[in-house]
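Structure first, commentary second.
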Amino acid sequence: MSIEKVALLAGVSKATVSRVLNDHPGVKADTRDRVLAAISASDYQPNLLARQLRTAQSHMLLVLISDITNPFCSRVVQGIEAEAEAQGYHILLCNSASQLRRESAYLGLLTGKVVDGVITMDAASALQDIAALIGDAPWVQCAEYDPAIPASSVAIDNRDAAQETVRYLAGKGRRRIGLVNSDMRYLYSHQREAGYRAGLDQLALPWRGVAYAENISCEAGS
């Protein structure tokens, strides 16, 4: 079904159909409803490439993560996707395995305007390497961030969370509290260990033990 047939079915001009497809505010509510009903009835699929060339926007976001098997990453990606769709965007997911070559290939999509922005969940130690590739493009560092990079970031206070966990366990009568930490390439690993040690010091608990897992899995932490 073409845009001309949608216009004919709705009893409007092609320009009006185009305005509805592009969410133009200058369309009456009843006219918009007729056009949307015609689109639904005809199963019309707009030409997304043409719209991208017309508006210089793809409504696609590139999400770079280092390990899709990490349960934390997968849950965050679900949240990113849900919010992106609520805002009229879709995501393109890159499981980079922290390989700069793979990240570089995906970040090349910024140049071609295939994606409008980037969300990274890569290890903080790798962010400086990709900063030059991202350039001035919209960029949000998620979970992992480098404070030296002038890009927005969204993260939790890992240090405080670890310290609060020590206080919680101590409150349950535990006195020999250990930490199973992960790869120290990650900023959160440093922050959690700092919070763990601060929590022990605050409660004057002398025993401490830190083990480092080879990967993020239940088996590696056992």
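Each chain in the structure tokens gets a letter, A, B, ..., in the order shown, and its residues are numbered from 1; ligands are numbered from 1 in order too.
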Could you please write out, as a PyMOL selection string, every residue of chain A that DSSP assigns to alpha helix (DSSP H)? chain A and resi 3-10+14-21+29-42+48-55+71-86+100-111+124-134+158-171+187-202+218-221
Write out the residues from the selection above, keeping C-alpha atoms, as an mmCIF file, in the first residue's frame.
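Listed below is the output, again_11.cif:
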data_model
loop_
_atom_site.group_PDB
_atom_site.id
_atom_site.type_symbol
_atom_site.label_atom_id
_atom_site.label_comp_id
_atom_site.auth_asym_id
_atom_site.auth_seq_id
_atom_site.Cartn_x
_atom_site.Cartn_y
_atom_site.Cartn_z
ATOM 1 C CA ILE A 3 0.997 6.756 0.692
ATOM 2 C CA GLU A 4 -1.243 7.824 -2.199
ATOM 3 C CA LYS A 5 -3.682 4.998 -1.474
ATOM 4 C CA VAL A 6 -3.650 5.794 2.248
ATOM 5 C CA ALA A 7 -4.532 9.409 1.388
ATOM 6 C CA LEU A 8 -7.345 8.262 -0.900
ATOM 7 C CA LEU A 9 -8.713 5.893 1.731
ATOM 8 C CA ALA A 10 -8.660 8.604 4.408
ATOM 9 C CA LYS A 14 -0.611 13.041 0.658
ATOM 10 C CA ALA A 15 0.814 16.041 2.526
ATOM 11 C CA THR A 16 -1.638 15.443 5.371
ATOM 12 C CA VAL A 17 -0.678 11.778 5.589
ATOM 13 C CA SER A 18 2.979 12.838 5.693
ATOM 14 C CA ARG A 19 2.283 15.289 8.506
ATOM 15 C CA VAL A 20 0.565 12.559 10.528
ATOM 16 C CA LEU A 21 3.462 10.150 9.950
ATOM 17 C CA ALA A 29 -7.661 15.329 15.824
ATOM 18 C CA ASP A 30 -10.449 13.855 13.680
ATOM 19 C CA THR A 31 -8.283 14.062 10.550
ATOM 20 C CA ARG A 32 -5.401 12.391 12.353
ATOM 21 C CA ASP A 33 -7.729 9.603 13.505
ATOM 22 C CA ARG A 34 -8.943 9.013 9.940
ATOM 23 C CA VAL A 35 -5.390 8.808 8.623
ATOM 24 C CA LEU A 36 -4.282 6.447 11.406
ATOM 25 C CA ALA A 37 -7.315 4.252 10.768
ATOM 26 C CA ALA A 38 -6.462 4.144 7.056
ATOM 27 C CA ILE A 39 -2.857 3.255 7.838
ATOM 28 C CA SER A 40 -3.995 0.458 10.142
ATOM 29 C CA ALA A 41 -6.554 -0.874 7.671
ATOM 30 C CA SER A 42 -4.086 -0.875 4.793
ATOM 31 C CA LEU A 48 12.018 4.720 7.156
ATOM 32 C CA LEU A 49 15.126 5.346 5.053
ATOM 33 C CA ALA A 50 13.436 8.182 3.199
ATOM 34 C CA ARG A 51 12.296 9.700 6.485
ATOM 35 C CA GLN A 52 15.838 9.425 7.848
ATOM 36 C CA LEU A 53 17.271 11.252 4.850
ATOM 37 C CA ARG A 54 14.578 13.902 5.147
ATOM 38 C CA THR A 55 14.955 14.592 8.864
ATOM 39 C CA PRO A 71 22.661 -10.741 33.995
ATOM 40 C CA PHE A 72 23.057 -7.153 35.187
ATOM 41 C CA CYS A 73 23.756 -5.917 31.659
ATOM 42 C CA SER A 74 20.835 -7.797 30.159
ATOM 43 C CA ARG A 75 18.396 -6.326 32.701
ATOM 44 C CA VAL A 76 19.671 -2.804 32.090
ATOM 45 C CA VAL A 77 19.395 -3.299 28.323
ATOM 46 C CA GLN A 78 15.764 -4.337 28.797
ATOM 47 C CA GLY A 79 15.148 -1.059 30.622
ATOM 48 C CA ILE A 80 16.961 0.955 27.958
ATOM 49 C CA GLU A 81 14.914 -0.674 25.216
ATOM 50 C CA ALA A 82 11.606 -0.122 27.016
ATOM 51 C CA GLU A 83 12.309 3.567 27.609
ATOM 52 C CA ALA A 84 13.683 4.080 24.101
ATOM 53 C CA GLU A 85 10.523 2.637 22.569
ATOM 54 C CA ALA A 86 8.398 4.828 24.837
ATOM 55 C CA LEU A 100 38.036 -1.970 20.038
ATOM 56 C CA ARG A 101 37.889 -3.245 16.452
ATOM 57 C CA ARG A 102 34.295 -4.361 16.879
ATOM 58 C CA GLU A 103 33.320 -1.152 18.688
ATOM 59 C CA SER A 104 34.959 0.946 15.974
ATOM 60 C CA ALA A 105 32.914 -0.792 13.281
ATOM 61 C CA TYR A 106 29.663 -0.095 15.097
ATOM 62 C CA LEU A 107 30.587 3.487 15.971
ATOM 63 C CA GLY A 108 31.099 4.110 12.276
ATOM 64 C CA LEU A 109 27.311 4.140 12.096
ATOM 65 C CA LEU A 110 27.400 7.569 13.741
ATOM 66 C CA THR A 111 29.088 9.036 10.670
ATOM 67 C CA ALA A 124 35.621 2.248 32.412
ATOM 68 C CA SER A 125 39.169 1.298 31.405
ATOM 69 C CA ALA A 126 38.050 1.044 27.754
ATOM 70 C CA LEU A 127 36.112 4.308 27.510
ATOM 71 C CA GLN A 128 39.063 6.573 26.699
ATOM 72 C CA ASP A 129 39.821 4.407 23.659
ATOM 73 C CA ILE A 130 36.370 4.892 22.166
ATOM 74 C CA ALA A 131 35.908 8.543 23.192
ATOM 75 C CA ALA A 132 37.692 9.767 20.056
ATOM 76 C CA LEU A 133 35.519 7.518 17.896
ATOM 77 C CA ILE A 134 32.322 8.885 19.422
ATOM 78 C CA ASN A 158 28.629 1.339 44.330
ATOM 79 C CA ARG A 159 30.832 2.372 47.235
ATOM 80 C CA ASP A 160 27.886 3.282 49.457
ATOM 81 C CA ALA A 161 25.977 0.157 48.372
ATOM 82 C CA ALA A 162 28.879 -2.113 49.386
ATOM 83 C CA GLN A 163 29.319 -0.287 52.671
ATOM 84 C CA GLU A 164 25.606 -0.605 53.409
ATOM 85 C CA THR A 165 25.784 -4.335 52.645
ATOM 86 C CA VAL A 166 28.569 -4.765 55.212
ATOM 87 C CA ARG A 167 26.493 -2.891 57.783
ATOM 88 C CA TYR A 168 23.484 -5.082 57.013
ATOM 89 C CA LEU A 169 25.423 -8.335 57.426
ATOM 90 C CA ALA A 170 27.082 -7.075 60.606
ATOM 91 C CA GLY A 171 23.650 -6.182 61.929
ATOM 92 C CA LEU A 187 35.145 0.995 37.923
ATOM 93 C CA TYR A 188 32.412 -0.619 39.996
ATOM 94 C CA SER A 189 34.892 -3.276 41.186
ATOM 95 C CA HIS A 190 37.146 -0.586 42.641
ATOM 96 C CA GLN A 191 34.195 1.262 44.147
ATOM 97 C CA ARG A 192 32.669 -1.823 45.746
ATOM 98 C CA GLU A 193 35.980 -2.911 47.254
ATOM 99 C CA ALA A 194 36.509 0.580 48.665
ATOM 100 C CA GLY A 195 33.021 0.480 50.193
ATOM 101 C CA TYR A 196 33.610 -2.993 51.601
ATOM 102 C CA ARG A 197 36.843 -1.934 53.318
ATOM 103 C CA ALA A 198 35.298 1.305 54.573
ATOM 104 C CA GLY A 199 32.383 -0.658 56.032
ATOM 105 C CA LEU A 200 34.728 -2.971 57.926
ATOM 106 C CA ASP A 201 36.751 -0.026 59.218
ATOM 107 C CA GLN A 202 33.627 1.816 60.331
ATOM 108 C CA CYS A 218 27.742 -18.023 39.743
ATOM 109 C CA GLU A 219 30.297 -20.718 39.016
ATOM 110 C CA ALA A 220 33.223 -18.272 39.102
ATOM 111 C CA GLY A 221 32.046 -16.827 42.402
#
Could you name the residues that touch A:Val140 at 9 Å or less, counting only C-alpha atoms, but leaving out those on the same chain fewer than 3 positions away, as a short mmCIF file (atom, residue, chain, number, x, y, z; two decimals) with all heavy atoms, in the first residue's frame?
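Listing of part.cif after writing:
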data_model
loop_
_atom_site.label_atom_id
_atom_site.label_comp_id
_atom_site.auth_asym_id
_atom_site.auth_seq_id
_atom_site.Cartn_x
_atom_site.Cartn_y
_atom_site.Cartn_z
N GLY A 117 22.66 8.41 18.57
CA GLY A 117 23.43 8.57 19.79
C GLY A 117 23.91 7.22 20.29
O GLY A 117 23.58 6.17 19.73
N VAL A 118 24.72 7.27 21.37
CA VAL A 118 25.36 6.06 21.88
C VAL A 118 25.16 5.96 23.39
O VAL A 118 25.26 6.95 24.12
CB VAL A 118 26.89 6.07 21.59
CG1 VAL A 118 27.52 4.77 22.07
CG2 VAL A 118 27.16 6.28 20.12
N ILE A 119 24.87 4.74 23.85
CA ILE A 119 24.88 4.41 25.27
C ILE A 119 25.94 3.34 25.45
O ILE A 119 25.91 2.31 24.77
CB ILE A 119 23.52 3.90 25.76
CG1 ILE A 119 22.45 4.98 25.56
CG2 ILE A 119 23.58 3.48 27.22
CD1 ILE A 119 21.03 4.49 25.86
N THR A 120 26.90 3.57 26.34
CA THR A 120 27.96 2.59 26.57
C THR A 120 27.80 1.93 27.93
O THR A 120 27.46 2.58 28.91
CB THR A 120 29.36 3.23 26.48
OG1 THR A 120 29.46 4.30 27.44
CG2 THR A 120 29.63 3.76 25.10
N TYR A 145 31.66 4.51 34.01
CA TYR A 145 31.93 5.83 33.47
C TYR A 145 33.35 6.25 33.80
O TYR A 145 33.98 5.74 34.73
CB TYR A 145 30.94 6.86 34.04
CG TYR A 145 31.06 7.06 35.54
CD1 TYR A 145 31.87 8.07 36.08
CD2 TYR A 145 30.38 6.22 36.42
CE1 TYR A 145 31.99 8.23 37.45
CE2 TYR A 145 30.49 6.38 37.80
CZ TYR A 145 31.29 7.39 38.31
OH TYR A 145 31.42 7.55 39.67
N ALA A 151 31.09 13.51 29.18
CA ALA A 151 29.85 12.93 28.66
C ALA A 151 28.96 12.58 29.84
O ALA A 151 29.45 12.29 30.94
CB ALA A 151 30.14 11.67 27.83
N SER A 152 27.67 12.63 29.64
CA SER A 152 26.73 12.31 30.71
C SER A 152 26.90 10.87 31.18
O SER A 152 27.36 10.01 30.42
CB SER A 152 25.30 12.52 30.23
OG SER A 152 25.08 13.87 29.85
N SER A 153 26.54 10.61 32.42
CA SER A 153 26.64 9.25 32.95
C SER A 153 25.47 8.96 33.88
O SER A 153 24.93 9.87 34.53
CB SER A 153 27.97 9.05 33.70
OG SER A 153 28.06 9.92 34.81
N VAL A 154 25.08 7.69 33.92
CA VAL A 154 24.03 7.21 34.82
C VAL A 154 24.59 6.00 35.55
O VAL A 154 25.00 5.02 34.93
CB VAL A 154 22.76 6.80 34.05
CG1 VAL A 154 21.72 6.26 35.01
CG2 VAL A 154 22.21 7.99 33.27
#
Expressed in Å to a single decimal, how great is the separation between atom CA of A:Leu93 and atom CA of A:Asn181? 26.6 Å
